[in-house]
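Q: Here's a structure for you.
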Amino acid sequence: MRSRTSVVAGAATVVLLGVTPAYADDPRWSFRTAVFYSVGDYGTDKDTTIIYVPFTLGVTPIDRLTLSLTVPYIRQTGQNVVVTGGGVAVRKKGQSSSTTSTSSETEDGVGDVLLKGSYVVLRDEGLVPEVAPYVKIKFPTADEDRGLGTGEFDETIGVELSKRLGERLTGFLALAYTFIGDPPDQNLRDSFGWSIGADYAVTPPLSVFAFLEGSTAIDPSQQDPLELRVGAEYRITKTLSVTGAVSRGLSDGSADWGVSASLGVRF
């Protein structure tokens, strides 16, 4: 039997079959870092605070194809939940872990490394939106014994669509399915996720955005996550931008609230 990772890699190959790549004269690189801070009880009796700081390097080696590698730092206070490739899952009571004896324990370290590849199969032209299928693999580099990850691979296949709806407004829709790896003593479910939103260019350097995001619960005891996220992006130069956002959980499956700030550069 083939592993899920092999199946996802095969799906990526199918997406790219029949496409003749146009190599760029010079690869286009990007770097982005951010700080995500969230607090929530996720339907438990204790709050969990998560600080997530990803460092993402991206490259476009051929026309329409983008590859990215994310190495995150994670700091977590409270061990009632664990971060997966498809969201946050509630830990089962009694689950073996050196950090689960107290819900006020704080641990930090390298999180799970993420590798993503996306390809634009259709451009935004006429009535047709831009369509970009993608594959993402979560490598279990976070220390599961300290509650920073599940210790299992997760794989995601998805598609991102965007469409200009005028000179200033752009609409977005994303759909994804994540195959969740089961850690010992916990039966997690695969997750279907979605996101819908829009971006509005207020002035040439400043835009505001709003997204409604949800998914099916990874843990059977959880409610389906649902949250609203709003924010703004300011382009300092053509290659440098800063972004800030706030989020509000609309169900017990999400964090109660969160804030984020990010910096992105292209070179």
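Note on naming: chains are A, B, ... as they come in the structure tokens, residues start from 1 per chain, ligands start from 1 in the order shown.
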Please identify the strand (DSSP E or B) residues within range 20-239 of chain A (assignment by DSSP from backbone atoms) and present them as a PyMOL selection string.

A: chain A and resi 23-40+48-62+65-77+81-84+87-90+106-110+113-119+122+125+128+130-139+154-164+169-179+191-201+206-215+226-235

Q: Using only C-alpha atoms, pick whichever of A:Leu250, A:Val242, A:Ile196, A:Val120 has the shortest atom-to-atom distance to Thr60 in chain A.

A: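 Selected residue with least distance to Thr60 in chain A: A:Val120.
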
Q: Please list as a PyMOL selection string every residue within 7 Å of Glu227 in chain A, counting only C-alpha atoms and excluding residues in the same chain fewer than 3 positions away.

A: chain A and resi 212-214+247-250+254

Q: Selection from above, C-alpha atoms, as a PDB file, in the first residue's frame, can you write it?

A:
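Contents of out.pdb, as written:
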ATOM      1  CA  LEU A 212     -14.278  33.968   6.909  1.00  0.00           C
ATOM      2  CA  GLU A 213     -12.493  30.662   7.479  1.00  0.00           C
ATOM      3  CA  GLY A 214     -13.714  27.284   8.639  1.00  0.00           C
ATOM      4  CA  SER A 247      -9.140  37.342  14.295  1.00  0.00           C
ATOM      5  CA  ARG A 248     -12.165  36.358  16.311  1.00  0.00           C
ATOM      6  CA  GLY A 249     -13.294  32.788  16.885  1.00  0.00           C
ATOM      7  CA  LEU A 250     -16.952  32.137  16.098  1.00  0.00           C
ATOM      8  CA  SER A 254     -11.307  28.046  17.203  1.00  0.00           C
TER       9      SER A 254
END

Q: Between CA of Phe139 in chain A and CA of Pro61 in chain A, what distance in Å does the model show, to one decimal?

A: 22.6 Å

Q: Looking only at helix (DSSP H, G or I) from DSSP on the backbone, list the matching residues of range 6-184 of chain A as a ChimeraX atom specification.

A: /A:6-16,144-146

Q: Could those selected residues go to a file with C-alpha atoms, as a tab-separated table (two decimals), in the first residue's frame?

A:
chain	number	residue	atom	x	y	z
A	6	SER	CA	3.15	9.14	-2.05
A	7	VAL	CA	-0.50	9.66	-3.00
A	8	VAL	CA	-0.21	13.43	-2.52
A	9	ALA	CA	3.04	13.55	-4.50
A	10	GLY	CA	1.32	11.61	-7.27
A	11	ALA	CA	-1.54	14.11	-7.29
A	12	ALA	CA	0.97	16.93	-7.67
A	13	THR	CA	2.53	15.13	-10.62
A	14	VAL	CA	-0.88	14.76	-12.29
A	15	VAL	CA	-1.54	18.49	-11.87
A	16	LEU	CA	1.69	19.33	-13.70
A	144	GLU	CA	5.80	15.68	20.39
A	145	ASP	CA	7.01	14.75	23.88
A	146	ARG	CA	6.93	18.45	24.79

Q: From the options A:Leu114, A:Leu228, A:Ile180, A:Val81, which residue's atoms come nearest to Val135 in chain A, counting only C-alpha atoms?

A: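 Selected residue with least distance to Val135 in chain A: A:Leu114.
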
Q: Each residue of range 114-211 of chain A with at least one atom at most 12 Å from range 55-58 of chain A should appear once, together with its nearest atom pair and the corresponding distance in Å (one decimal); atoms considered: only C-alpha atoms; ordering: chain, then increasing residue number; output as a Markdown table.

A:
| residue | atom | partner | partner_atom | distance |
| --- | --- | --- | --- | --- |
| A:Leu114 | CA | A:Thr56 | CA | 8.9 |
| A:Leu115 | CA | A:Thr56 | CA | 9.6 |
| A:Lys116 | CA | A:Gly58 | CA | 9.1 |
| A:Gly117 | CA | A:Gly58 | CA | 9.5 |
| A:Ser118 | CA | A:Gly58 | CA | 10.9 |

Q: If I take CA of Trp257 in chain A and CA of Gly231 in chain A, how far is one from the other in Å, to one decimal?

A: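 Going from CA of Trp257 in chain A over to CA of Gly231 in chain A, I get 13.5 Å.
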
Q: Of the candidates A:Val59, A:Asp45, A:Leu65, A:Ser162, which one gets nearest to Ser30 in chain A if we count only C-alpha atoms?

A: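 Residue with the minimum atom-to-atom distance to Ser30 in chain A: A:Val59.
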
Q: Could you please determine the separation between CA of Ala210 in chain A and CA of Thr156 in chain A in Å, to one decimal place?

A: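 Taking CA of Ala210 in chain A as the start and CA of Thr156 in chain A as the end point, the length is 23.5 Å.
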